[in-house]
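> As input, take entry_22.cif (mmCIF, C-alpha atoms):
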data_structure
#
loop_
_atom_site.label_atom_id
_atom_site.label_comp_id
_atom_site.auth_asym_id
_atom_site.auth_seq_id
_atom_site.Cartn_x
_atom_site.Cartn_y
_atom_site.Cartn_z
CA MET A 23 42.32 -12.17 2.20
CA SER A 24 41.91 -14.90 -0.40
CA SER A 25 39.80 -17.95 0.24
CA SER A 26 42.81 -20.25 -0.22
CA THR A 27 44.55 -18.76 2.83
CA SER A 28 41.58 -18.07 5.09
CA LYS A 29 40.11 -20.71 7.33
CA THR A 30 36.54 -20.78 8.53
CA PRO A 31 36.47 -21.84 12.16
CA ALA A 32 34.52 -24.99 12.86
CA ILE A 33 31.80 -24.64 15.43
CA THR A 34 30.39 -27.63 17.21
CA PRO A 35 26.97 -27.56 18.86
CA ARG A 36 27.03 -26.95 22.59
CA GLN A 37 23.72 -28.72 23.12
CA THR A 38 21.31 -30.72 21.02
CA MET A 39 17.74 -30.54 22.24
CA ARG A 40 15.59 -33.54 21.35
CA GLY A 41 11.85 -33.88 21.71
CA HIS A 42 9.95 -32.31 18.84
CA THR A 43 8.45 -34.81 16.41
CA GLY A 44 8.16 -32.32 13.53
CA ASP A 45 10.42 -29.72 11.96
CA VAL A 46 11.56 -26.98 14.33
CA ARG A 47 10.61 -23.70 12.67
CA HIS A 48 11.81 -21.01 15.06
CA VAL A 49 13.85 -20.41 18.20
CA VAL A 50 13.84 -17.45 20.62
CA HIS A 51 16.20 -16.72 23.51
CA LEU A 52 14.62 -15.62 26.78
CA PRO A 53 16.13 -12.76 28.77
CA GLY A 54 18.91 -13.96 31.04
CA GLY A 55 20.48 -16.20 28.39
CA ARG A 56 19.70 -19.52 30.12
CA GLN A 57 16.59 -20.65 28.27
CA ILE A 58 15.17 -20.85 24.77
CA ILE A 59 11.74 -21.58 23.34
CA THR A 60 11.28 -23.58 20.15
CA CYS A 61 8.20 -24.06 17.96
CA SER A 62 7.51 -26.92 15.60
CA PHE A 63 5.28 -28.41 12.96
CA ASP A 64 4.33 -30.95 15.66
CA GLY A 65 2.03 -28.24 17.07
CA SER A 66 4.03 -27.44 20.18
CA LEU A 67 6.21 -24.81 21.75
CA ARG A 68 8.84 -26.09 24.17
CA LEU A 69 10.96 -24.41 26.82
CA TRP A 70 14.58 -25.62 27.10
CA ASP A 71 17.42 -25.21 29.57
CA LEU A 72 20.55 -24.27 27.63
CA LYS A 73 23.03 -25.65 30.17
CA SER A 74 21.54 -29.14 30.48
CA GLY A 75 19.81 -29.32 27.08
CA THR A 76 16.65 -30.63 28.72
CA GLN A 77 13.06 -29.59 28.23
CA ILE A 78 11.52 -27.66 31.10
CA GLY A 79 7.99 -28.81 31.87
CA GLU A 80 5.41 -30.07 29.42
CA ASP A 81 4.89 -29.05 25.80
CA TRP A 82 2.90 -25.85 25.29
CA ARG A 83 -0.09 -26.83 23.16
CA ASP A 84 -3.36 -25.46 21.90
CA GLU A 85 -5.70 -26.96 19.30
CA ASN A 86 -3.53 -26.09 16.28
CA ASP A 87 -1.86 -28.67 14.05
CA GLY A 88 1.45 -26.96 13.55
CA VAL A 89 3.32 -23.87 14.65
CA TRP A 90 5.04 -22.10 11.78
CA CYS A 91 6.59 -19.09 13.51
CA MET A 92 6.92 -17.17 16.76
CA ALA A 93 8.28 -13.90 18.13
CA LEU A 94 9.16 -12.84 21.67
CA SER A 95 7.78 -9.57 23.03
CA PRO A 96 10.32 -6.83 23.78
CA ASN A 97 9.89 -7.37 27.54
CA GLY A 98 10.35 -11.15 27.17
CA GLU A 99 7.04 -11.97 28.88
CA ILE A 100 4.86 -12.98 25.91
CA VAL A 101 5.41 -15.17 22.86
CA ALA A 102 3.29 -14.67 19.75
CA SER A 103 2.93 -17.79 17.61
CA GLY A 104 1.47 -18.34 14.17
CA GLY A 105 -0.01 -21.61 13.03
CA PHE A 106 -1.31 -23.58 10.12
CA ASP A 107 -4.86 -22.67 11.20
CA GLY A 108 -4.32 -18.96 10.40
CA LYS A 109 -4.56 -17.83 14.02
CA VAL A 110 -2.10 -15.77 16.02
CA ARG A 111 -1.77 -16.88 19.63
CA LEU A 112 -0.21 -15.03 22.54
CA TRP A 113 1.40 -17.19 25.23
CA ASP A 114 2.34 -16.10 28.73
CA VAL A 115 5.96 -17.22 29.16
CA GLU A 116 5.60 -17.73 32.93
CA THR A 117 2.38 -19.80 32.87
CA ARG A 118 2.98 -21.30 29.40
CA LYS A 119 -0.70 -20.82 28.57
CA VAL A 120 -2.52 -19.10 25.70
CA ILE A 121 -3.72 -15.69 26.86
CA ALA A 122 -5.16 -14.45 23.54
CA LYS A 123 -6.13 -15.87 20.17
CA TRP A 124 -6.61 -13.66 17.12
CA GLU A 125 -8.45 -14.69 13.98
CA GLY A 126 -8.34 -12.91 10.64
CA HIS A 127 -5.97 -14.68 8.27
CA THR A 128 -7.52 -17.27 5.97
CA GLU A 129 -4.34 -19.32 5.58
CA ALA A 130 -1.29 -20.26 7.69
CA VAL A 131 0.57 -17.51 9.56
CA TRP A 132 4.19 -17.61 8.42
CA ALA A 133 5.77 -14.53 9.98
CA LEU A 134 5.47 -12.43 13.15
CA CYS A 135 7.14 -9.34 14.56
CA TRP A 136 6.54 -7.15 17.64
CA SER A 137 6.70 -3.38 17.57
CA ALA A 138 9.50 -1.93 19.70
CA ASP A 139 7.05 -0.72 22.36
CA GLY A 140 5.28 -4.10 22.56
CA GLU A 141 1.90 -2.56 21.73
CA ARG A 142 1.52 -4.11 18.26
CA VAL A 143 2.17 -7.45 16.57
CA ALA A 144 2.48 -7.74 12.80
CA SER A 145 1.65 -11.04 11.13
CA GLY A 146 2.23 -12.31 7.60
CA SER A 147 0.28 -15.12 6.02
CA ARG A 148 0.03 -17.53 3.16
CA ASP A 149 -3.17 -15.61 2.28
CA GLY A 150 -0.98 -12.76 0.94
CA THR A 151 -1.85 -10.27 3.66
CA ALA A 152 0.03 -8.68 6.51
CA ARG A 153 -2.02 -7.67 9.54
CA VAL A 154 -1.27 -5.41 12.47
CA TRP A 155 -2.84 -6.31 15.81
CA ASP A 156 -3.34 -4.20 18.92
CA VAL A 157 -1.98 -6.32 21.78
CA LYS A 158 -4.24 -4.86 24.51
CA THR A 159 -7.52 -5.13 22.60
CA GLY A 160 -6.73 -8.00 20.23
CA GLN A 161 -8.18 -5.97 17.37
CA ASN A 162 -6.87 -6.22 13.83
CA ILE A 163 -6.15 -2.53 13.27
CA LEU A 164 -4.65 -2.75 9.78
CA THR A 165 -4.78 -5.27 6.93
CA ILE A 166 -2.33 -4.88 4.07
CA LYS A 167 -2.92 -6.61 0.75
CA THR A 168 0.77 -6.89 -0.05
CA GLY A 169 0.64 -8.11 -3.63
CA HIS A 170 2.70 -11.13 -2.57
CA GLU A 171 1.20 -14.56 -3.12
CA TRP A 172 2.46 -15.39 0.38
CA VAL A 173 3.92 -13.19 3.12
CA ARG A 174 6.94 -14.99 4.53
CA ALA A 175 8.54 -12.08 6.40
CA VAL A 176 7.37 -9.04 8.37
CA THR A 177 9.56 -6.62 10.29
CA TYR A 178 9.12 -3.26 11.93
CA SER A 179 11.63 -0.46 11.53
CA PRO A 180 13.54 0.30 14.78
CA ASP A 181 11.11 3.14 15.64
CA SER A 182 8.07 1.04 14.57
CA SER A 183 6.95 3.72 12.10
CA LYS A 184 7.31 1.41 9.09
CA LEU A 185 6.52 -2.22 8.34
CA ALA A 186 8.37 -4.18 5.66
CA THR A 187 7.07 -7.45 4.17
CA GLY A 188 8.60 -10.10 1.98
CA GLY A 189 6.93 -12.79 -0.06
#
Output the structure of this file as structure tokens.


Amino acid sequence: MSSSTSKTPAITPRQTMRGHTGDVRHVVHLPGGRQIITCSFDGSLRLWDLKSGTQIGEDWRDENDGVWCMALSPNGEIVASGGFDGKVRLWDVETRKVIAKWEGHTEAVWALCWSADGERVASGSRDGTARVWDVKTGQNILTIKTGHEWVRAVTYSPDSSKLATGG
């Protein structure tokens, strides 16, 4: 089909959520399809109702300046977030509180990914490393010097046997 005869359908937003005071960097859908979580350079995560477009509860905050990325655990119960301060935080979705804080990167955390079984989190940083964390112990079990100046993407293979990075 040539481009002169094909038409791209126009899509209009169903909801526009307003509240963050900095750039929104990432969005995850919660199981059930009725809520999303956003993270922003304003240092917060926010829970939203998709039907009404309104924020649910208060902002989720810790002492960090900005949240660059986040990833939802496979069971939908925990959000990992990465910030300008180089820390990875785990948030309990139900309580909206930090339940773990991992230190190791020396620069901002720009990318996160959960293993399929939910036992590991991979993080990528502006420091050029990717790290693998054990969720139960909070230990950094692997540090990869990627050769990238910055690690902007990390992803596990479907069986979690491989980790790919992009810089």

> For CA of Ser137 in chain A and CA of Asp156 in chain A, determine how far apart the two atoms are, in Å to one decimal place.

10.2 Å

> Can you pull out every residue within 9 Å of Leu69 in chain A, counting only C-alpha atoms, but drop anything in the same chain fewer than 5 positions away, and send it as a PyMOL selection string?

chain A and resi 57-60+76-82+118

> Quick one: residues within 7 Å of Leu134 in chain A, all atoms listed in the file, excluding same-chain residues fewer than 6 positions away - as a compact mmCIF listing (two decimals) with C-alpha atoms, in the coordinates of the input?


# COMPACT_ATOMS: atom_id res chain seq x y z
CA CYS A 91 6.59 -19.09 13.51
CA MET A 92 6.92 -17.17 16.76
CA ALA A 93 8.28 -13.90 18.13
CA VAL A 143 2.17 -7.45 16.57
CA ALA A 144 2.48 -7.74 12.80
CA SER A 145 1.65 -11.04 11.13
CA GLY A 146 2.23 -12.31 7.60
CA VAL A 176 7.37 -9.04 8.37

> Do a neighbour search on Gly88 in chain A at 9 Å with all atoms listed in the file, toss out local chain neighbours closer than 4 positions, and write the hits as a short mmCIF file (atom, residue, chain, number, x, y, z; two decimals) with C-alpha atoms, keeping the file's coordinate frame.


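What follows is the written file part29.cif:
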data_model
loop_
_atom_site.label_atom_id
_atom_site.label_comp_id
_atom_site.auth_asym_id
_atom_site.auth_seq_id
_atom_site.Cartn_x
_atom_site.Cartn_y
_atom_site.Cartn_z
CA GLY A 44 8.16 -32.32 13.53
CA CYS A 61 8.20 -24.06 17.96
CA SER A 62 7.51 -26.92 15.60
CA PHE A 63 5.28 -28.41 12.96
CA ASP A 64 4.33 -30.95 15.66
CA GLY A 65 2.03 -28.24 17.07
CA SER A 66 4.03 -27.44 20.18
CA GLY A 104 1.47 -18.34 14.17
CA GLY A 105 -0.01 -21.61 13.03
CA PHE A 106 -1.31 -23.58 10.12
CA ASP A 107 -4.86 -22.67 11.20
#

> Out of A:Thr34, A:Thr117, A:Ser147, A:Asn162, which residue has the shortest atom-to-atom distance to Trp90 in chain A when counting only C-alpha atoms?

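Comparing A:Thr34, A:Thr117, A:Ser147, A:Asn162 against Trp90 in chain A, the winner is A:Ser147.
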
> Near Trp172 in chain A, counting all atoms listed in the file, which residues have an atom at most 12 Å away, once you skip same-chain residues fewer than 6 positions from it, shown as a list in words?

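Everything that qualifies: His127, Thr128, Glu129, Ala130, Val131, Trp132, Ala133, Ser145, Gly146, Ser147, Arg148, Asp149, Gly150, Thr151, Ala152, Thr187, Gly188 and Gly189 of chain A.
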
> Rounded to one decimal place, report the CA of Thr38 in chain A-CA of Gly75 in chain A distance in Å.

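Taking CA of Thr38 in chain A as the start and CA of Gly75 in chain A as the end point, the length is 6.4 Å.
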
> Given the point (-5.3, -6.0, 21.0) in the coordinates of this file, which residues lie within 12 Å, counting all atoms listed in the file, and how would they look as a list in words?

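Protein, DNA and RNA residues close to (-5.3, -6.0, 21.0): Val110, Arg111, Leu112, Ile121, Ala122, Lys123, Trp124, Glu125, Gly140, Glu141, Arg142, Val143, Ala144, Val154, Trp155, Asp156, Val157, Lys158, Thr159, Gly160, Gln161, Asn162, Ile163 and Leu164 of chain A.
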
> How far is it from CA of Ser183 in chain A to CA of Trp136 in chain A, in Å with one decimal?

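Here the two named atoms are 12.2 Å from each other.
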
> Pull out every residue that the PyMOL selection byres ((chain A and resi 97) around 12) matches in the shown coordinates and put them as a ChimeraX atom specification.

/A:51-54,93-96,98-101,114-115,136-141

> Closest to Thr168 in chain A among A:Pro35, A:Lys109, A:Cys135, A:Ala186, using all atoms listed in the file?

A:Ala186

> Under the rule that all atoms listed in the file are counted, which of A:Met39, A:Leu67, A:Ala102, A:Leu72 is the nearest residue to Asp87 in chain A?

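Nearest candidate to Asp87 in chain A out of A:Met39, A:Leu67, A:Ala102, A:Leu72: A:Leu67.
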